[in-house]
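Have a look at input.tsv below; it lists TSV, C-alpha atoms.
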chain	number	residue	atom	x	y	z
A	1	MET	CA	-26.66	59.58	42.01
A	2	ASP	CA	-23.09	60.88	42.09
A	3	ASN	CA	-22.20	64.48	42.91
A	4	LEU	CA	-19.42	64.73	40.37
A	5	LYS	CA	-18.90	67.89	38.38
A	6	ARG	CA	-19.56	67.12	34.70
A	7	VAL	CA	-17.34	68.65	32.05
A	8	ILE	CA	-17.53	68.29	28.27
A	9	VAL	CA	-14.05	68.58	26.77
A	10	ASP	CA	-13.24	69.35	23.15
A	11	PHE	CA	-9.86	68.29	21.75
A	12	LYS	CA	-8.72	71.93	21.76
A	13	LYS	CA	-9.24	72.07	25.54
A	14	LEU	CA	-7.76	68.65	26.32
A	15	THR	CA	-5.19	68.73	29.14
A	16	PRO	CA	-2.30	66.33	29.83
A	17	GLU	CA	-4.14	65.09	32.93
A	18	VAL	CA	-7.29	64.13	31.01
A	19	LEU	CA	-5.28	62.67	28.11
A	20	LYS	CA	-3.36	60.48	30.57
A	21	LEU	CA	-6.65	59.28	32.12
A	22	LEU	CA	-7.98	58.42	28.65
A	23	VAL	CA	-4.88	56.43	27.73
A	24	GLU	CA	-4.95	54.59	31.06
A	25	LYS	CA	-8.65	53.75	30.78
A	26	TYR	CA	-8.52	52.85	27.07
A	27	PRO	CA	-4.95	51.52	26.50
A	28	ASP	CA	-5.99	49.83	23.25
A	29	GLY	CA	-8.20	52.73	22.17
A	30	TYR	CA	-11.94	53.02	22.62
A	31	ASP	CA	-14.62	51.27	20.60
A	32	ASP	CA	-18.33	51.71	19.96
A	33	ASP	CA	-19.21	50.23	23.36
A	34	HIS	CA	-17.34	53.07	25.09
A	35	ILE	CA	-18.94	55.93	23.14
A	36	ILE	CA	-21.66	57.99	24.78
A	37	SER	CA	-24.00	59.94	22.47
A	38	PHE	CA	-26.05	62.93	23.61
A	39	ARG	CA	-27.35	66.29	22.42
A	40	ASN	CA	-25.79	69.48	23.70
A	41	ALA	CA	-27.63	72.69	24.58
A	42	GLN	CA	-27.68	73.68	20.89
A	43	GLY	CA	-29.28	70.37	19.93
A	44	GLU	CA	-26.13	69.06	18.22
A	45	ARG	CA	-25.38	65.36	18.52
A	46	ILE	CA	-22.16	64.80	20.46
A	47	GLU	CA	-20.20	61.57	20.77
A	48	ALA	CA	-17.75	61.30	23.66
A	49	VAL	CA	-15.83	58.91	25.86
A	50	GLU	CA	-15.91	59.17	29.63
A	51	VAL	CA	-13.14	59.39	32.22
A	52	THR	CA	-13.56	60.22	35.88
A	53	THR	CA	-11.42	61.77	38.60
A	54	GLU	CA	-12.31	61.98	42.28
A	55	ASP	CA	-14.51	65.02	41.72
A	56	THR	CA	-15.12	65.33	37.97
A	57	LYS	CA	-16.65	63.27	35.18
A	58	TYR	CA	-15.16	64.27	31.83
A	59	LEU	CA	-16.94	63.60	28.56
A	60	VAL	CA	-14.24	63.99	25.92
A	61	LYS	CA	-15.57	64.61	22.42
A	62	ILE	CA	-14.22	61.99	20.06
A	63	SER	CA	-12.38	62.97	16.91
A	64	ALA	CA	-9.67	61.71	14.61
A	65	ARG	CA	-7.20	64.01	16.38
A	66	LEU	CA	-8.09	62.49	19.74
A	67	GLU	CA	-7.53	58.96	18.42
A	68	LYS	CA	-4.16	59.89	16.89
A	69	THR	CA	-3.02	61.72	20.03
A	70	MET	CA	-3.98	58.79	22.25
A	71	ALA	CA	-2.20	56.34	19.94
A	72	ASN	CA	1.01	58.41	20.05
A	73	TYR	CA	0.84	59.25	23.78
A	74	ASP	CA	4.10	59.42	25.71
A	75	GLU	CA	3.88	60.80	29.24
A	76	GLU	CA	7.38	62.29	28.94
A	77	ASP	CA	6.13	64.66	26.22
A	78	TYR	CA	4.14	66.53	28.87
A	79	GLU	CA	6.66	66.71	31.74
A	80	ASP	CA	7.40	70.40	31.13
A	81	TYR	CA	3.71	71.41	31.30
A	82	ASP	CA	1.17	71.80	34.07
A	83	SER	CA	-1.27	68.89	34.14
A	84	ASP	CA	-4.18	71.28	33.48
A	85	ASP	CA	-2.58	73.19	30.57
A	86	PRO	CA	-4.52	72.70	27.31
A	87	GLU	CA	-1.63	74.36	25.41
A	88	ALA	CA	0.47	71.24	26.15
A	89	ILE	CA	-1.46	69.09	23.67
A	90	PRO	CA	-0.27	69.89	20.14
A	91	ASP	CA	-2.85	70.36	17.40
A	92	ILE	CA	-1.51	67.57	15.24
A	93	PRO	CA	-2.40	67.64	11.55
A	94	LEU	CA	-4.21	64.66	10.13
A	95	GLU	CA	-2.79	62.97	7.04
A	96	ASP	CA	-5.47	64.49	4.79
A	97	GLU	CA	-4.56	67.97	6.01
A	98	GLU	CA	-0.85	67.34	5.44
A	99	ASP	CA	-1.60	66.52	1.80
A	100	ASP	CA	-3.57	69.77	1.44
A	101	GLU	CA	-0.53	71.82	2.53
A	102	ASP	CA	1.67	70.55	-0.32
Show the structure stored in the file as structure tokens.
Amino acid sequence: MDNLKRVIVDFKKLTPEVLKLLVEKYPDGYDDDHIISFRNAQGERIEAVEVTTEDTKYLVKISARLEKTMANYDEEDYEDYDSDDPEAIPDIPLEDEEDDED
């Protein structure tokens, strides 16, 4: 059994480092075979994809925002941020939300 620290990451807490790992591991996006389902401490069903660093296993909760951010990833967008800064990842609106604002 590995001794990796395990971290569940919501889109709001996603850092450039973890986003880069996701894009590298899933360059064409993830599919059903990559999704891990589990229940959290509150009994809620969570679906996530996994990426690993030397010392940490990240389970990143999947969402439409995650998919869109991965699809539009450009490493240069994050050059001015620390790799562990969750403020670097913009909270992009989804198309449905854009329509609601009109």
**Asked** Any idea what's packed within 10 Å of stretch 73-84 of chain A, counting only C-alpha atoms, ignoring anything in its chain fewer than 3 positions away? Could you give it as a list in words?
**Response**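 The contact residues come out as Lys13, Leu14, Thr15, Pro16, Glu17, Val18, Leu19, Lys20, Val23, Glu67, Lys68, Thr69, Met70, Glu87, Ala88 and Ile89 of chain A.
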Expected file contents, prior selection, C-alpha atoms, as an mmCIF file, in the coordinates of the input:
data_model
loop_
_atom_site.group_PDB
_atom_site.id
_atom_site.type_symbol
_atom_site.label_atom_id
_atom_site.label_comp_id
_atom_site.auth_asym_id
_atom_site.auth_seq_id
_atom_site.Cartn_x
_atom_site.Cartn_y
_atom_site.Cartn_z
ATOM 1 C CA LYS A 13 -9.240 72.070 25.540
ATOM 2 C CA LEU A 14 -7.760 68.650 26.320
ATOM 3 C CA THR A 15 -5.190 68.730 29.140
ATOM 4 C CA PRO A 16 -2.300 66.330 29.830
ATOM 5 C CA GLU A 17 -4.140 65.090 32.930
ATOM 6 C CA VAL A 18 -7.290 64.130 31.010
ATOM 7 C CA LEU A 19 -5.280 62.670 28.110
ATOM 8 C CA LYS A 20 -3.360 60.480 30.570
ATOM 9 C CA VAL A 23 -4.880 56.430 27.730
ATOM 10 C CA GLU A 67 -7.530 58.960 18.420
ATOM 11 C CA LYS A 68 -4.160 59.890 16.890
ATOM 12 C CA THR A 69 -3.020 61.720 20.030
ATOM 13 C CA MET A 70 -3.980 58.790 22.250
ATOM 14 C CA GLU A 87 -1.630 74.360 25.410
ATOM 15 C CA ALA A 88 0.470 71.240 26.150
ATOM 16 C CA ILE A 89 -1.460 69.090 23.670
#
**Prompt:** So, counting all atoms listed in the file, which residue among A:Lys5, A:Val49, A:Glu54, A:Lys12 is closest to A:Tyr26?
**Reply:**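 Of the candidates, the smallest distance to A:Tyr26 is held by A:Val49.
Reported to one decimal place, the separation of atom CA of A:Gln42 from atom CA of A:Val9 is 15.7 Å.
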**Prompt:** Do you have the atom CA of A:Leu4-atom CA of A:Asp85 distance handy?
**Reply:**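 It comes out at 21.2 Å.
Between atom CA of A:Phe11 and atom CA of A:Leu66 there is a distance of 6.4 Å.
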**Request:** Determine the nearest neighbour of A:Arg45 from the options A:Lys61, A:Asp91, A:Asp32, A:Ala71, counting only C-alpha atoms.
**Result:**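 Using only C-alpha atoms, the shortest distance to A:Arg45 belongs to A:Lys61.
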**Prompt:** Taking (-12.9, 54.3, 23.0) in the file's coordinates as the center, which residues reach within 12 Å of it, counting all atoms listed in the file, put as a PyMOL selection string?
**Reply:** chain A and resi 22-36+47-51+59-64+66-67+70-71
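Minimum atom-to-atom distances from A:Ile8, A:Leu21, A:Asn72, A:Pro90 to A:Asn40 were compared using all atoms listed in the file, and the lowest value belongs to A:Ile8.
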